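A.B. asks: My file is protein16.pdb. It has PDB, C-alpha atoms:
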```
ATOM      1  CA  GLN A   1     171.726  50.169 202.212
ATOM      2  CA  VAL A   2     168.241  48.721 202.010
ATOM      3  CA  GLN A   3     166.693  49.248 198.588
ATOM      4  CA  LEU A   4     163.133  48.493 197.566
ATOM      5  CA  VAL A   5     161.776  49.216 194.092
ATOM      6  CA  GLU A   6     158.115  48.685 193.231
ATOM      7  CA  SER A   7     156.607  48.232 189.789
ATOM      8  CA  GLY A   8     153.419  47.015 188.161
ATOM      9  CA  GLY A   9     150.977  49.764 189.022
ATOM     10  CA  ASP A  10     148.390  50.558 186.364
ATOM     11  CA  SER A  11     144.819  51.626 185.688
ATOM     12  CA  VAL A  12     142.236  48.838 185.542
ATOM     13  CA  GLN A  13     138.485  48.435 185.635
ATOM     14  CA  ALA A  14     136.656  47.135 188.669
ATOM     15  CA  GLY A  15     136.774  43.358 188.847
ATOM     16  CA  GLY A  16     140.136  43.225 187.129
ATOM     17  CA  SER A  17     143.513  42.024 188.383
ATOM     18  CA  LEU A  18     147.029  43.389 188.758
ATOM     19  CA  ARG A  19     150.294  42.038 190.049
ATOM     20  CA  LEU A  20     152.716  44.355 191.798
ATOM     21  CA  SER A  21     156.409  43.558 192.165
ATOM     22  CA  CYS A  22     159.000  44.720 194.657
ATOM     23  CA  ALA A  23     162.652  44.129 193.875
ATOM     24  CA  ALA A  24     164.773  44.067 197.019
ATOM     25  CA  SER A  25     168.478  44.089 197.703
ATOM     26  CA  GLU A  26     169.574  40.599 198.646
ATOM     27  CA  TYR A  27     170.401  41.434 202.251
ATOM     28  CA  THR A  28     166.926  42.808 202.780
ATOM     29  CA  TYR A  29     165.161  40.027 201.017
ATOM     30  CA  ARG A  30     166.724  37.171 202.918
ATOM     31  CA  ARG A  31     166.669  38.610 206.398
ATOM     32  CA  TYR A  32     163.553  40.741 206.715
ATOM     33  CA  CYS A  33     159.825  40.770 207.055
ATOM     34  CA  MET A  34     158.415  42.258 203.852
ATOM     35  CA  GLY A  35     155.090  43.969 203.459
ATOM     36  CA  TRP A  36     152.762  45.925 201.209
ATOM     37  CA  PHE A  37     151.030  49.128 202.220
ATOM     38  CA  ARG A  38     148.758  51.532 200.400
ATOM     39  CA  GLN A  39     147.799  55.158 200.727
ATOM     40  CA  ALA A  40     144.728  56.685 199.130
ATOM     41  CA  PRO A  41     144.394  60.455 198.715
ATOM     42  CA  GLU A  42     143.831  62.189 202.053
ATOM     43  CA  LYS A  43     143.945  58.890 203.936
ATOM     44  CA  GLU A  44     146.445  57.278 206.255
ATOM     45  CA  ARG A  45     148.857  54.704 204.909
ATOM     46  CA  GLU A  46     147.486  51.268 205.750
ATOM     47  CA  GLY A  47     149.061  47.840 205.859
ATOM     48  CA  VAL A  48     147.769  45.366 203.306
ATOM     49  CA  ALA A  49     149.859  42.211 203.676
ATOM     50  CA  SER A  50     153.155  40.939 205.047
ATOM     51  CA  ILE A  51     155.299  37.837 204.922
ATOM     52  CA  ILE A  52     158.584  36.563 206.315
ATOM     53  CA  ILE A  53     160.889  35.715 203.439
ATOM     54  CA  GLY A  54     161.301  31.961 203.287
ATOM     55  CA  ASP A  55     158.227  31.345 205.401
ATOM     56  CA  ASP A  56     154.804  30.207 204.207
ATOM     57  CA  ASN A  57     152.823  32.287 206.677
ATOM     58  CA  ALA A  58     151.325  35.481 205.331
ATOM     59  CA  TYR A  59     149.242  38.134 207.034
ATOM     60  CA  TYR A  60     146.478  40.249 205.501
ATOM     61  CA  SER A  61     144.274  43.156 206.412
ATOM     62  CA  ASP A  62     140.570  42.392 206.512
ATOM     63  CA  SER A  63     139.940  44.734 203.590
ATOM     64  CA  VAL A  64     141.915  42.573 201.145
ATOM     65  CA  LYS A  65     141.730  39.089 202.637
ATOM     66  CA  GLY A  66     140.544  36.600 200.026
ATOM     67  CA  ARG A  67     141.300  38.964 197.125
ATOM     68  CA  PHE A  68     145.017  39.768 197.456
ATOM     69  CA  THR A  69     147.895  37.327 197.745
ATOM     70  CA  ILE A  70     151.436  38.146 198.825
ATOM     71  CA  SER A  71     154.158  35.865 197.501
ATOM     72  CA  GLN A  72     157.883  35.668 196.940
ATOM     73  CA  ASP A  73     160.374  34.535 194.324
ATOM     74  CA  ASN A  74     163.574  33.753 196.165
ATOM     75  CA  ALA A  75     165.603  33.317 192.989
ATOM     76  CA  LYS A  76     164.766  36.871 191.935
ATOM     77  CA  ASN A  77     164.774  38.565 195.348
ATOM     78  CA  THR A  78     161.306  39.774 194.471
ATOM     79  CA  LEU A  79     158.119  40.190 196.441
ATOM     80  CA  TYR A  80     154.739  40.186 194.718
ATOM     81  CA  LEU A  81     151.214  41.283 195.460
ATOM     82  CA  GLN A  82     148.576  39.607 193.301
ATOM     83  CA  MET A  83     145.412  41.672 193.420
ATOM     84  CA  ASN A  84     142.165  40.155 192.155
ATOM     85  CA  SER A  85     138.567  41.359 192.124
ATOM     86  CA  LEU A  86     139.772  44.934 192.347
ATOM     87  CA  LYS A  87     137.401  47.604 193.592
ATOM     88  CA  PRO A  88     137.468  51.396 193.161
ATOM     89  CA  GLU A  89     138.297  51.688 196.866
ATOM     90  CA  ASP A  90     141.555  49.826 196.179
ATOM     91  CA  THR A  91     142.775  52.913 194.324
ATOM     92  CA  ALA A  92     145.945  54.106 196.045
ATOM     93  CA  ILE A  93     149.692  54.358 195.868
ATOM     94  CA  TYR A  94     151.080  50.983 196.883
ATOM     95  CA  PHE A  95     154.342  50.771 198.799
ATOM     96  CA  CYS A  96     156.692  47.923 199.510
ATOM     97  CA  ALA A  97     158.207  47.960 203.007
ATOM     98  CA  ALA A  98     160.601  45.955 205.143
ATOM     99  CA  LYS A  99     161.577  45.497 208.767
ATOM    100  CA  PRO A 100     164.153  43.280 210.457
ATOM    101  CA  GLU A 101     161.888  42.337 213.385
ATOM    102  CA  LEU A 102     160.628  38.995 212.122
ATOM    103  CA  TRP A 103     158.671  38.314 215.322
ATOM    104  CA  ARG A 104     156.499  41.335 214.546
ATOM    105  CA  CYS A 105     155.714  40.442 210.954
ATOM    106  CA  SER A 106     151.989  40.020 211.632
ATOM    107  CA  ASP A 107     151.869  43.623 212.843
ATOM    108  CA  LEU A 108     150.859  45.737 209.837
ATOM    109  CA  THR A 109     151.247  49.031 211.676
ATOM    110  CA  ARG A 110     153.083  51.531 209.505
ATOM    111  CA  SER A 111     155.442  52.674 212.257
ATOM    112  CA  THR A 112     156.850  49.171 212.726
ATOM    113  CA  PHE A 113     158.351  49.116 209.222
ATOM    114  CA  SER A 114     161.709  50.806 208.771
ATOM    115  CA  TYR A 115     162.352  50.782 205.033
ATOM    116  CA  TRP A 116     160.179  51.901 202.139
ATOM    117  CA  GLY A 117     160.054  51.937 198.378
ATOM    118  CA  GLN A 118     158.941  54.922 196.323
ATOM    119  CA  GLY A 119     155.465  53.553 195.565
ATOM    120  CA  THR A 120     153.488  52.604 192.482
ATOM    121  CA  GLN A 121     150.057  53.949 191.535
ATOM    122  CA  VAL A 122     147.044  51.662 191.211
ATOM    123  CA  THR A 123     143.820  53.147 189.882
ATOM    124  CA  VAL A 124     140.597  51.144 189.710
ATOM    125  CA  SER A 125     137.697  52.634 187.789
ATOM    126  CA  SER A 126     134.060  51.644 188.147
TER     127      SER A 126
END
```
What is this structure when it is put down as structure tokens?

C.D. replies:
Amino acid sequence: QVQLVESGGDSVQAGGSLRLSCAASEYTYRRYCMGWFRQAPEKEREGVASIIIGDDNAYYSDSVKGRFTISQDNAKNTLYLQMNSLKPEDTAIYFCAAKPELWRCSDLTRSTFSYWGQGTQVTVSS
């Protein structure tokens, strides 16, 4: 059973920073492509960043490139999303996701990811 549990969501002011965490079951963490998505009210869920566990290459959407960083802690089976220079338009529920197709890790299309966490709310006020 693939299990993903997000944490770290909060309310912050514009320009601030947050770090989200995603704890994954070991099987998932060591064999999957992991990603972060977000969904704002009345909007489609969009891919933010992805990474192959154990690999240095990361992929980002244009909307967050240069501000967000995806990273991993192999000892803790945990994925992170460091979010800097936050904007009100970053307000959304953020989801951790996983897929076994490593060769498609750069593809941030929602439908390509098979497993999802429950989400964590991020609110950025102006």

A.B. asks: Could you pull the residues within 8 Å of range 113-126 of chain A, counting all atoms listed in the file, minus those fewer than 2 positions along the same chain, as number ranges by chain?

C.D. replies: A: 2-14, 86-99, 109-111

A.B. asks: Neighbouring residues of range 47-57 of chain A were defined as those with any atom within 12 Å, considering all atoms listed in the file; residues of the same chain fewer than 6 positions away were excluded. Please report them as a PyMOL selection string.

C.D. replies: chain A and resi 24+26-40+63-75+77-83+90+92-113

A.B. asks: Please compute the CA of Glu42 in chain A-CA of Ser61 in chain A distance, one decimal, in Å.

C.D. replies: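 So the two atoms, CA of Glu42 in chain A and CA of Ser61 in chain A, lie 19.5 Å apart.
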
A.B. asks: For Ser25 in chain A, which residue among A:Ala58, A:Glu46, A:Lys76, A:Pro41 is the nearest when counting all atoms listed in the file?

C.D. replies: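 Looking only at the distances to Ser25 in chain A, the closest residue turns out to be A:Lys76.
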
A.B. asks: Let me have the centre and edge lengths of the axis-aligned box enclosing all listed atoms of range 80-89 of chain A with 4 Å padding on every side, in Å to one decimal, as AutoDock Vina command-line options.

C.D. replies:
```
--center_x 146.1 --center_y 45.6 --center_z 194.5 --size_x 25.3 --size_y 20.1 --size_z 12.7
```
